[in-house]
>>> print(open('start.tsv').read())   # TSV, C-alpha atoms and all ligand atoms
chain	number	residue	atom	x	y	z
A	484	MET	CA	4.23	15.48	2.01
A	485	ILE	CA	0.50	14.81	2.29
A	486	ASP	CA	-1.24	15.97	5.47
A	487	VAL	CA	-4.69	14.67	6.25
A	488	THR	CA	-5.97	16.32	9.43
A	489	ASP	CA	-9.23	15.58	11.21
A	490	LEU	CA	-10.80	14.78	7.86
A	491	THR	CA	-14.48	13.90	7.79
A	492	LYS	CA	-16.51	13.23	4.66
A	493	GLY	CA	-20.17	12.34	4.80
A	494	TYR	CA	-22.51	11.44	1.94
A	495	GLY	CA	-26.06	11.96	3.16
A	496	GLY	CA	-26.37	9.60	6.12
A	497	THR	CA	-23.10	7.71	5.41
A	498	VAL	CA	-19.89	8.80	7.10
A	499	ALA	CA	-17.24	7.61	4.60
A	500	VAL	CA	-14.29	9.22	6.43
A	501	ASP	CA	-14.44	9.97	10.14
A	502	ARG	CA	-11.97	12.41	11.79
A	503	LEU	CA	-9.05	10.83	9.99
A	504	THR	CA	-5.51	12.13	10.58
A	505	PHE	CA	-2.32	10.82	8.96
A	506	HIS	CA	0.77	12.18	7.21
A	507	VAL	CA	2.44	10.69	4.16
A	508	LYS	CA	6.15	11.45	4.19
A	509	PRO	CA	8.55	11.73	1.26
A	510	GLY	CA	11.27	9.20	0.55
A	511	ARG	CA	9.22	6.09	1.15
A	512	VAL	CA	6.28	4.16	-0.25
A	513	THR	CA	3.26	4.40	2.03
A	514	GLY	CA	0.65	1.67	1.60
A	515	PHE	CA	-2.97	2.70	2.17
A	516	LEU	CA	-5.01	-0.28	3.31
A	517	GLY	CA	-8.51	-1.01	4.47
A	518	PRO	CA	-11.44	-3.30	3.76
A	519	ASN	CA	-13.94	-2.47	0.99
A	520	GLY	CA	-15.81	0.69	1.85
A	521	ALA	CA	-13.23	1.77	4.47
A	522	GLY	CA	-12.93	5.21	2.86
A	523	LYS	CA	-9.64	4.98	0.94
A	524	SER	CA	-10.96	6.22	-2.40
A	525	THR	CA	-12.95	8.95	-0.68
A	526	THR	CA	-9.81	10.13	1.16
A	527	MET	CA	-7.83	10.15	-2.09
A	528	ARG	CA	-10.60	12.01	-3.89
A	529	VAL	CA	-10.68	14.69	-1.19
A	530	ILE	CA	-6.87	15.05	-1.28
A	531	LEU	CA	-7.15	15.54	-5.05
A	532	GLY	CA	-9.87	18.16	-4.72
A	533	LEU	CA	-12.45	15.93	-6.46
A	534	ASP	CA	-14.64	15.91	-3.36
A	535	ARG	CA	-15.11	18.60	-0.76
A	536	PRO	CA	-14.47	17.60	2.87
A	537	THR	CA	-17.35	17.89	5.33
A	538	ALA	CA	-14.76	18.91	7.97
A	539	GLY	CA	-10.98	18.91	8.36
A	540	THR	CA	-8.28	19.36	5.74
A	541	ALA	CA	-6.28	17.38	3.21
A	542	LEU	CA	-3.17	19.25	2.06
A	543	ILE	CA	-0.31	18.50	-0.30
A	544	GLY	CA	2.87	20.38	0.50
A	545	GLY	CA	0.81	22.61	2.80
A	546	ARG	CA	-1.73	23.60	0.11
A	547	ARG	CA	-5.07	22.39	-1.13
A	548	TYR	CA	-5.00	20.76	-4.56
A	549	GLY	CA	-7.33	23.49	-5.90
A	550	GLU	CA	-4.79	26.17	-4.98
A	551	MET	CA	-2.05	24.74	-7.21
A	552	ARG	CA	-1.36	26.56	-10.46
A	553	HIS	CA	-0.02	23.52	-12.33
A	554	PRO	CA	-1.21	20.64	-10.18
A	555	LEU	CA	0.08	17.87	-12.47
A	556	ARG	CA	3.61	19.13	-11.95
A	557	GLU	CA	3.16	18.66	-8.21
A	558	VAL	CA	0.87	15.64	-7.87
A	559	GLY	CA	0.39	12.65	-10.14
A	560	ALA	CA	-2.61	10.43	-9.51
A	561	LEU	CA	-4.14	7.27	-10.83
A	562	LEU	CA	-7.64	6.65	-9.50
A	563	ASP	CA	-9.53	4.81	-12.22
A	564	ALA	CA	-7.50	3.57	-15.16
A	565	THR	CA	-10.62	2.75	-17.16
A	566	ALA	CA	-11.81	6.37	-17.14
A	567	VAL	CA	-10.18	7.20	-20.49
A	568	GLN	CA	-11.82	7.80	-23.86
A	569	GLY	CA	-11.49	4.68	-25.99
A	570	GLY	CA	-11.38	6.66	-29.24
A	571	ARG	CA	-8.11	8.40	-28.33
A	572	THR	CA	-4.56	7.13	-28.68
A	573	PRO	CA	-2.02	7.33	-25.81
A	574	LEU	CA	-0.17	9.99	-27.79
A	575	GLY	CA	-3.32	12.08	-28.20
A	576	HIS	CA	-4.51	11.51	-24.62
A	577	LEU	CA	-1.18	12.36	-22.97
A	578	GLY	CA	-0.50	15.16	-25.47
A	579	TRP	CA	-3.76	16.83	-24.51
A	580	ILE	CA	-3.02	16.56	-20.76
A	581	ALA	CA	0.53	17.84	-21.33
A	582	ARG	CA	-0.64	20.87	-23.33
A	583	SER	CA	-3.25	21.84	-20.72
A	584	ASN	CA	-0.56	21.77	-18.02
A	585	ARG	CA	2.21	23.42	-20.06
A	586	ILE	CA	4.28	20.26	-20.09
A	587	GLY	CA	6.61	19.74	-23.08
A	588	ARG	CA	5.94	17.10	-25.79
A	589	GLU	CA	9.26	15.39	-25.11
A	590	ARG	CA	7.88	14.41	-21.71
A	591	VAL	CA	5.01	12.54	-23.41
A	592	ALA	CA	7.48	10.37	-25.32
A	593	ALA	CA	9.52	9.83	-22.15
A	594	VAL	CA	6.60	8.58	-20.03
A	595	LEU	CA	5.29	6.38	-22.85
A	596	GLU	CA	8.72	4.78	-22.99
A	597	LEU	CA	8.87	4.48	-19.20
A	598	ALA	CA	5.46	2.81	-19.08
A	599	GLY	CA	6.37	0.35	-21.82
A	600	LEU	CA	3.78	1.85	-24.20
A	601	ALA	CA	6.05	3.42	-26.83
A	602	GLY	CA	5.11	0.68	-29.31
A	603	ALA	CA	1.39	1.29	-28.74
A	604	ALA	CA	1.53	5.10	-28.78
A	605	ARG	CA	-0.79	5.31	-31.82
A	606	THR	CA	-3.13	2.44	-30.93
A	607	ARG	CA	-6.70	3.33	-29.99
A	608	ILE	CA	-7.09	3.03	-26.21
A	609	GLY	CA	-10.41	1.22	-26.72
A	610	ARG	CA	-8.38	-1.81	-27.82
A	611	PHE	CA	-6.20	-1.80	-24.69
A	612	SER	CA	-6.30	-4.51	-22.02
A	613	LEU	CA	-6.88	-3.41	-18.40
A	614	GLY	CA	-3.13	-3.84	-17.78
A	615	MET	CA	-2.28	-1.49	-20.66
A	616	LYS	CA	-4.79	1.06	-19.36
A	617	GLN	CA	-3.11	0.84	-15.95
A	618	ARG	CA	0.24	1.55	-17.62
A	619	LEU	CA	-1.30	4.50	-19.47
A	620	GLY	CA	-2.73	5.83	-16.19
A	621	ILE	CA	0.68	5.57	-14.59
A	622	ALA	CA	2.26	7.34	-17.58
A	623	ALA	CA	-0.28	10.15	-17.15
A	624	ALA	CA	0.46	10.39	-13.41
A	625	LEU	CA	4.18	10.74	-14.15
A	626	LEU	CA	3.74	13.27	-16.95
A	627	GLY	CA	4.43	16.36	-14.85
A	628	ASP	CA	7.41	14.72	-13.08
A	629	PRO	CA	5.58	15.33	-9.77
A	630	GLY	CA	7.03	15.10	-6.27
A	631	VAL	CA	3.89	13.40	-4.98
A	632	LEU	CA	2.21	10.30	-6.42
A	633	MET	CA	-1.11	8.78	-5.40
A	634	LEU	CA	-2.14	5.50	-6.95
A	635	ASP	CA	-5.38	3.63	-6.23
A	636	GLU	CA	-4.96	-0.11	-6.95
A	637	PRO	CA	-2.25	0.42	-9.61
A	638	VAL	CA	-1.40	-3.26	-9.99
A	639	ASN	CA	-5.00	-4.20	-10.79
A	640	GLY	CA	-4.94	-5.99	-14.16
A	641	LEU	CA	-1.15	-6.12	-14.47
A	642	ASP	CA	0.58	-9.42	-15.25
A	643	PRO	CA	3.51	-10.58	-13.05
A	644	ASP	CA	5.99	-8.66	-15.23
A	645	GLY	CA	3.88	-5.53	-14.90
A	646	VAL	CA	3.54	-6.00	-11.13
A	647	ARG	CA	7.31	-6.28	-10.79
A	648	TRP	CA	7.79	-3.26	-13.04
A	649	ILE	CA	5.51	-1.05	-10.94
A	650	ARG	CA	7.14	-2.25	-7.71
A	651	GLY	CA	10.57	-1.20	-9.00
A	652	LEU	CA	9.20	2.05	-10.40
A	653	LEU	CA	7.49	3.11	-7.14
A	654	ARG	CA	10.45	2.13	-4.98
A	655	GLY	CA	12.74	4.07	-7.33
A	656	LEU	CA	10.51	7.16	-7.22
A	657	ALA	CA	10.44	7.05	-3.41
A	658	ALA	CA	14.23	6.60	-3.31
A	659	GLU	CA	14.49	9.84	-5.32
A	660	GLY	CA	12.75	11.56	-2.40
A	661	ARG	CA	9.21	11.60	-3.75
A	662	THR	CA	6.08	11.00	-1.69
A	663	VAL	CA	4.26	7.84	-2.82
A	664	LEU	CA	0.83	6.79	-1.53
A	665	LEU	CA	-0.41	3.49	-2.85
A	666	SER	CA	-3.61	1.59	-2.16
A	667	SER	CA	-3.92	-2.11	-2.90
A	668	HIS	CA	-5.76	-5.18	-1.71
A	669	LEU	CA	-2.83	-7.40	-2.64
A	670	MET	CA	-1.11	-7.88	0.72
A	671	SER	CA	1.78	-9.92	-0.64
A	672	GLU	CA	2.51	-7.12	-3.09
A	673	MET	CA	2.18	-4.45	-0.41
A	674	GLU	CA	4.64	-6.37	1.75
A	675	LEU	CA	7.23	-6.14	-1.03
A	676	THR	CA	6.55	-2.55	-2.10
A	677	ALA	CA	5.62	-0.45	0.94
A	678	ASP	CA	7.88	0.81	3.75
A	679	HIS	CA	5.09	2.32	5.79
A	680	LEU	CA	1.40	1.54	6.19
A	681	VAL	CA	-1.70	3.55	6.94
A	682	VAL	CA	-4.60	1.21	7.71
A	683	ILE	CA	-8.17	2.48	7.99
A	684	GLY	CA	-11.49	0.83	8.75
A	685	ARG	CA	-14.97	2.39	8.64
A	686	GLY	CA	-13.37	5.75	7.87
A	687	ARG	CA	-11.14	5.73	10.96
A	688	LEU	CA	-7.43	5.22	11.48
A	689	ILE	CA	-6.47	1.72	12.66
A	690	ALA	CA	-2.68	1.84	12.24
A	691	ASP	CA	-0.01	4.27	11.00
A	692	THR	CA	3.26	2.41	11.29
A	693	SER	CA	6.28	1.00	9.48
A	694	LEU	CA	6.09	-2.52	8.13
A	695	GLY	CA	8.89	-3.56	10.49
A	696	GLU	CA	7.15	-2.19	13.60
A	697	LEU	CA	3.93	-3.87	12.61
A	698	ALA	CA	5.61	-7.24	12.14
A	699	ALA	CA	7.31	-6.84	15.54
A	700	ARG	CA	3.89	-6.31	17.16
A	701	PHE	CA	2.75	-9.71	15.88
A	702	PRO	CA	5.62	-12.11	16.64
A	703	ARG	CA	5.11	-15.80	16.06
A	704	GLY	CA	8.03	-17.10	18.11
A	705	VAL	CA	11.43	-18.39	17.03
A	706	LEU	CA	11.76	-21.54	14.95
A	707	VAL	CA	14.62	-23.70	16.27
A	708	ARG	CA	15.96	-26.85	14.66
A	709	SER	CA	18.46	-29.12	16.36
A	710	PRO	CA	19.40	-32.81	16.22
A	711	ARG	CA	18.93	-32.83	20.02
A	712	THR	CA	15.45	-31.32	20.14
A	713	GLY	CA	14.24	-32.97	23.36
A	714	GLU	CA	17.23	-31.88	25.43
A	715	LEU	CA	17.16	-28.34	24.02
A	716	ALA	CA	13.39	-28.07	24.63
A	717	ARG	CA	13.90	-29.01	28.30
A	718	LEU	CA	16.69	-26.44	28.76
A	719	LEU	CA	14.66	-23.70	27.04
A	720	ALA	CA	11.65	-24.44	29.25
A	721	GLU	CA	13.88	-24.28	32.34
A	722	ALA	CA	15.09	-20.88	31.13
A	723	GLY	CA	11.48	-19.65	31.13
A	724	ALA	CA	10.53	-20.07	27.46
A	725	ALA	CA	7.29	-21.51	26.17
A	726	VAL	CA	8.23	-24.32	23.82
A	727	ALA	CA	5.99	-26.06	21.30
A	728	THR	CA	6.87	-28.73	18.78
A	729	GLY	CA	6.17	-27.31	15.33
A	730	ALA	CA	4.54	-29.21	12.51
A	731	GLU	CA	7.82	-29.15	10.58
A	732	GLY	CA	9.64	-31.04	13.34
A	733	GLY	CA	11.34	-27.96	14.79
A	734	LEU	CA	10.58	-26.12	18.02
A	735	THR	CA	8.58	-22.91	18.19
A	736	VAL	CA	9.97	-20.92	21.10
A	737	SER	CA	8.32	-17.87	22.67
A	738	GLY	CA	9.61	-15.74	25.52
A	739	LEU	CA	13.28	-15.87	24.50
A	740	GLY	CA	14.96	-14.10	21.59
A	741	ALA	CA	17.09	-15.75	18.90
A	742	ALA	CA	20.34	-14.55	20.52
A	743	GLU	CA	19.41	-15.96	23.94
A	744	ILE	CA	18.41	-19.28	22.40
A	745	GLY	CA	21.68	-19.52	20.46
A	746	GLU	CA	23.74	-18.68	23.56
A	747	LEU	CA	21.89	-21.17	25.72
A	748	ALA	CA	22.48	-23.92	23.14
A	749	ALA	CA	26.17	-22.97	22.91
A	750	ARG	CA	26.61	-23.09	26.71
A	751	HIS	CA	25.37	-26.69	26.68
A	752	ALA	CA	27.26	-27.59	23.48
A	753	ILE	CA	24.02	-28.48	21.69
A	754	PRO	CA	24.29	-28.04	17.93
A	755	VAL	CA	21.56	-25.96	16.29
A	756	HIS	CA	20.76	-26.07	12.60
A	757	GLU	CA	18.37	-23.13	12.46
A	758	VAL	CA	17.24	-20.22	14.68
A	759	THR	CA	14.69	-18.08	12.80
A	760	PRO	CA	12.51	-15.37	14.40
A	761	ARG	CA	9.12	-15.61	12.72
A	762	THR	CA	6.51	-12.94	12.18
A	763	ALA	CA	2.98	-13.17	10.89
A	764	SER	CA	2.46	-12.42	7.20
A	765	LEU	CA	1.11	-8.98	6.38
A	766	GLU	CA	-2.10	-10.66	5.30
A	767	ASP	CA	-2.55	-12.25	8.76
A	768	ILE	CA	-1.72	-8.99	10.50
A	769	TYR	CA	-4.05	-7.03	8.25
A	770	LEU	CA	-6.94	-9.42	8.91
A	771	ARG	CA	-6.37	-9.18	12.66
A	772	LEU	CA	-6.14	-5.38	12.56
A	773	THR	CA	-9.26	-4.92	10.47
A	774	ASP	CA	-11.34	-7.60	12.17
A	775	GLY	CA	-14.59	-5.86	13.02
A	776	ALA	CA	-13.94	-2.99	10.63
A	777	THR	CA	-15.16	-4.91	7.60
A	778	GLU	CA	-18.28	-3.41	6.12
A	779	HIS	CA	-19.48	-6.56	4.39
A	780	ALA	CA	-17.87	-9.36	6.42
A	781	ALA	CA	-18.80	-12.85	5.29
A	782	GLY	CA	-21.49	-14.34	7.47
A	783	ARG	CA	-22.58	-11.06	8.99
A	784	ALA	CA	-25.34	-10.64	6.44
A	785	GLU	CA	-26.88	-13.96	7.47
A	786	ARG	CA	-27.40	-12.94	11.05
A	801	LIG	N1	-20.47	9.38	-4.01
A	801	LIG	C1	-20.87	8.67	-2.97
A	801	LIG	N2	-22.15	8.76	-2.52
A	801	LIG	C2	-22.57	8.05	-1.46
A	801	LIG	N3	-21.79	7.21	-0.72
A	801	LIG	C3	-20.51	7.08	-1.11
A	801	LIG	C4	-19.98	7.79	-2.24
A	801	LIG	N4	-18.67	7.45	-2.37
A	801	LIG	C5	-18.40	6.58	-1.37
A	801	LIG	N5	-19.50	6.35	-0.63
A	801	LIG	C6	-19.57	5.47	0.57
A	801	LIG	O1	-18.52	5.82	1.42
A	801	LIG	C7	-17.91	4.66	2.01
A	801	LIG	C8	-16.42	4.62	1.68
A	801	LIG	O2	-16.25	4.32	0.29
A	801	LIG	P1	-14.83	4.32	-0.43
A	801	LIG	O3	-15.09	4.06	-1.89
A	801	LIG	O4	-14.10	5.55	-0.10
A	801	LIG	O5	-14.12	3.08	0.24
A	801	LIG	P2	-12.80	2.30	-0.21
A	801	LIG	O6	-12.01	2.09	1.02
A	801	LIG	O7	-12.14	3.01	-1.34
A	801	LIG	O8	-13.40	0.92	-0.72
A	801	LIG	P3	-12.87	-0.10	-1.86
A	801	LIG	O9	-11.72	-0.83	-1.27
A	801	LIG	O10	-14.07	-0.99	-2.04
A	801	LIG	O11	-12.54	0.72	-3.07
A	801	LIG	C9	-18.72	3.49	1.50
A	801	LIG	O12	-19.69	3.17	2.46
A	801	LIG	C10	-19.34	4.00	0.23
A	801	LIG	O13	-20.54	3.32	-0.04
>>> encode(input="start.tsv", output="structure tokens")
Amino acid sequence: MIDVTDLTKGYGGTVAVDRLTFHVKPGRVTGFLGPNGAGKSTTMRVILGLDRPTAGTALIGGRRYGEMRHPLREVGALLDATAVQGGRTPLGHLGWIARSNRIGRERVAAVLELAGLAGAARTRIGRFSLGMKQRLGIAAALLGDPGVLMLDEPVNGLDPDGVRWIRGLLRGLAAEGRTVLLSSHLMSEMELTADHLVVIGRGRLIADTSLGELAARFPRGVLVRSPRTGELARLLAEAGAAVATGAEGGLTVSGLGAAEIGELAARHAIPVHEVTPRTASLEDIYLRLTDGATEHAAGRAER
């Protein structure tokens, strides 16, 4: 469990995080979203004790990161995968982290295997691609078998196989009851990986909600296909629905649910070929939620 309460972080005249409160619960993947400069990295840095809050608290399991005796056994984090010494090998790099946190050597081999890096364990990191560095960063985060994981843009640089791997890994870790906080700009990926979303803009909370609830807040009507479209459209309108003819030849119906539409068609013995409730994509929803919270919105600079 991560508890961010009334957190404020200022840098000189800039307020990066502004009275932000949210809780990241175990057993699910929480996506952390926001436009560039929204304050995501700052919030993660404060949670990890890398930055001191100006006001408020950021606690993990009720304690500050700095108070933990063996923090890597409680929290695994990946903030910047490129921040590793190129001269080291994964074996040396992870071995050093393991020793300084009293973690056994067998765990190093296990996470290298898990991250798909066992074959490159003795290769100099300087020769790694960004994707391999991401895998190494994830291996390091998992080293202490922590109950809490925080990953900033973990799919950055990964190929489709790698993206799928991390999706399965994070969902599996959450299913084991761990707390997983994940930031990403890839909305399609977030839609597949996260159960819950925390959205911030200009350092403030915009939404803290499940993916399902969010989609329900942005309905796009019900798509209905029938060989007797005209007749069905008339009956739906009489029943109080707003009916539009969709580009794909079907009807887009608002104001009535899928069950009501199906029952109405059945009462009049009108065959239907499809009744699909539609929601906006996460990308659409995200853009609508964060409209106005974008620090460097296109066009704004020209004004
Ligand atoms: N060390 C720092 N000194 C001064 N200002 C900073 C510092 N770190 C962050 N900021 C400012 O704080 C704000 C929030 O930045 P932050 O990096 O936390 O945003 P972010 O949501 O992680 O953005 P991105 O998606 O681009 O990574 C920005 O205006 C940024 O310029």
>>> closest_residue(input="start.tsv", among="A:Val631, A:Val594, A:Leu531, A:Ile683", to="ligand LIG 801 (chain A)", atoms="all atoms listed in the file")
A:Ile683
>>> axis_aligned_box(input="start.tsv", around="range 735-739 of chain A", padding_each_side="3 Å", output="AutoDock Vina command-line options")
--center_x 10.8 --center_y -19.3 --center_z 21.9 --size_x 11.0 --size_y 13.2 --size_z 13.3
>>> residues_around(input="start.tsv", residues="Tyr769 in chain A", least_positions_apart="6", cutoff="10 Å", atoms="only C-alpha atoms", output="list in words")
Leu516, Gly517, Pro518, Met670, Val682, Ala690, Leu697 and Ala763 of chain A
>>> residues_near_ligand(input="start.tsv", ligand="ligand LIG 801 (chain A)", cutoff="9 Å", atoms="all atoms listed in the file", output="compact mmCIF listing (two decimals) with C-alpha atoms, keeping the file's coordinate frame")
# COMPACT_ATOMS: atom_id res chain seq x y z
CA LYS A 492 -16.51 13.23 4.66
CA GLY A 493 -20.17 12.34 4.80
CA TYR A 494 -22.51 11.44 1.94
CA GLY A 495 -26.06 11.96 3.16
CA GLY A 496 -26.37 9.60 6.12
CA THR A 497 -23.10 7.71 5.41
CA VAL A 498 -19.89 8.80 7.10
CA ALA A 499 -17.24 7.61 4.60
CA VAL A 500 -14.29 9.22 6.43
CA LEU A 516 -5.01 -0.28 3.31
CA GLY A 517 -8.51 -1.01 4.47
CA PRO A 518 -11.44 -3.30 3.76
CA ASN A 519 -13.94 -2.47 0.99
CA GLY A 520 -15.81 0.69 1.85
CA ALA A 521 -13.23 1.77 4.47
CA GLY A 522 -12.93 5.21 2.86
CA LYS A 523 -9.64 4.98 0.94
CA SER A 524 -10.96 6.22 -2.40
CA THR A 525 -12.95 8.95 -0.68
CA THR A 526 -9.81 10.13 1.16
CA MET A 527 -7.83 10.15 -2.09
CA ARG A 528 -10.60 12.01 -3.89
CA ASP A 534 -14.64 15.91 -3.36
CA ASP A 635 -5.38 3.63 -6.23
CA GLU A 636 -4.96 -0.11 -6.95
CA SER A 666 -3.61 1.59 -2.16
CA SER A 667 -3.92 -2.11 -2.90
CA HIS A 668 -5.76 -5.18 -1.71
CA ILE A 683 -8.17 2.48 7.99
CA GLY A 684 -11.49 0.83 8.75
CA ARG A 685 -14.97 2.39 8.64
CA GLY A 686 -13.37 5.75 7.87
CA GLU A 778 -18.28 -3.41 6.12
>>> closest_residue(input="start.tsv", among="A:Thr540, A:Thr662, A:Asn639, A:Thr759", to="Pro509 in chain A", atoms="all atoms listed in the file")
A:Thr662
>>> residues_around(input="start.tsv", residues="Ala623 in chain A", least_positions_apart="6", cutoff="9 Å", atoms="all atoms listed in the file", output="PyMOL selection string")
chain A and resi 559-561+576-577+580-581+591+594-595
>>> write_last_selection(input="start.tsv", atoms="C-alpha atoms", output="mmCIF file, in the frame of the given file")
data_model
loop_
_atom_site.group_PDB
_atom_site.id
_atom_site.type_symbol
_atom_site.label_atom_id
_atom_site.label_comp_id
_atom_site.auth_asym_id
_atom_site.auth_seq_id
_atom_site.Cartn_x
_atom_site.Cartn_y
_atom_site.Cartn_z
ATOM 1 C CA GLY A 559 0.390 12.650 -10.140
ATOM 2 C CA ALA A 560 -2.610 10.430 -9.510
ATOM 3 C CA LEU A 561 -4.140 7.270 -10.830
ATOM 4 C CA HIS A 576 -4.510 11.510 -24.620
ATOM 5 C CA LEU A 577 -1.180 12.360 -22.970
ATOM 6 C CA ILE A 580 -3.020 16.560 -20.760
ATOM 7 C CA ALA A 581 0.530 17.840 -21.330
ATOM 8 C CA VAL A 591 5.010 12.540 -23.410
ATOM 9 C CA VAL A 594 6.600 8.580 -20.030
ATOM 10 C CA LEU A 595 5.290 6.380 -22.850
#
>>> residues_around(input="start.tsv", residues="Gly630 in chain A", least_positions_apart="6", cutoff="10 Å", atoms="only C-alpha atoms", output="VMD selection string")
chain A and resid 484 509 to 510 544 555 to 559 656 to 657 659 to 663
>>> residues_around(input="start.tsv", residues="Ala603 in chain A", least_positions_apart="4", cutoff="12 Å", atoms="only C-alpha atoms", output="number ranges by chain")
A: 571-575, 592, 595-596, 598-599, 607-612, 615-616, 618-619
>>> closest_residue(input="start.tsv", among="A:Gly627, A:His506, A:Gly514, A:Leu664", to="His553 in chain A", atoms="all atoms listed in the file")
A:Gly627
>>> residues_around(input="start.tsv", residues="Ala725 in chain A", least_positions_apart="6", cutoff="12 Å", atoms="all atoms listed in the file", output="PDB file with C-alpha atoms, in the coordinates of the input")
ATOM      1  CA  ARG A 703       5.110 -15.800  16.060  1.00  0.00           C
ATOM      2  CA  GLY A 704       8.030 -17.100  18.110  1.00  0.00           C
ATOM      3  CA  VAL A 705      11.430 -18.390  17.030  1.00  0.00           C
ATOM      4  CA  ALA A 716      13.390 -28.070  24.630  1.00  0.00           C
ATOM      5  CA  ARG A 717      13.900 -29.010  28.300  1.00  0.00           C
ATOM      6  CA  LEU A 718      16.690 -26.440  28.760  1.00  0.00           C
ATOM      7  CA  LEU A 719      14.660 -23.700  27.040  1.00  0.00           C
ATOM      8  CA  LEU A 734      10.580 -26.120  18.020  1.00  0.00           C
ATOM      9  CA  THR A 735       8.580 -22.910  18.190  1.00  0.00           C
ATOM     10  CA  VAL A 736       9.970 -20.920  21.100  1.00  0.00           C
ATOM     11  CA  SER A 737       8.320 -17.870  22.670  1.00  0.00           C
ATOM     12  CA  GLY A 738       9.610 -15.740  25.520  1.00  0.00           C
ATOM     13  CA  LEU A 739      13.280 -15.870  24.500  1.00  0.00           C
ATOM     14  CA  GLY A 740      14.960 -14.100  21.590  1.00  0.00           C
ATOM     15  CA  ILE A 744      18.410 -19.280  22.400  1.00  0.00           C
TER      16      ILE A 744
END
>>> atom_distance(input="start.tsv", atom1="CA of Leu632 in chain A", atom2="CA of Asp767 in chain A")
27.6 Å
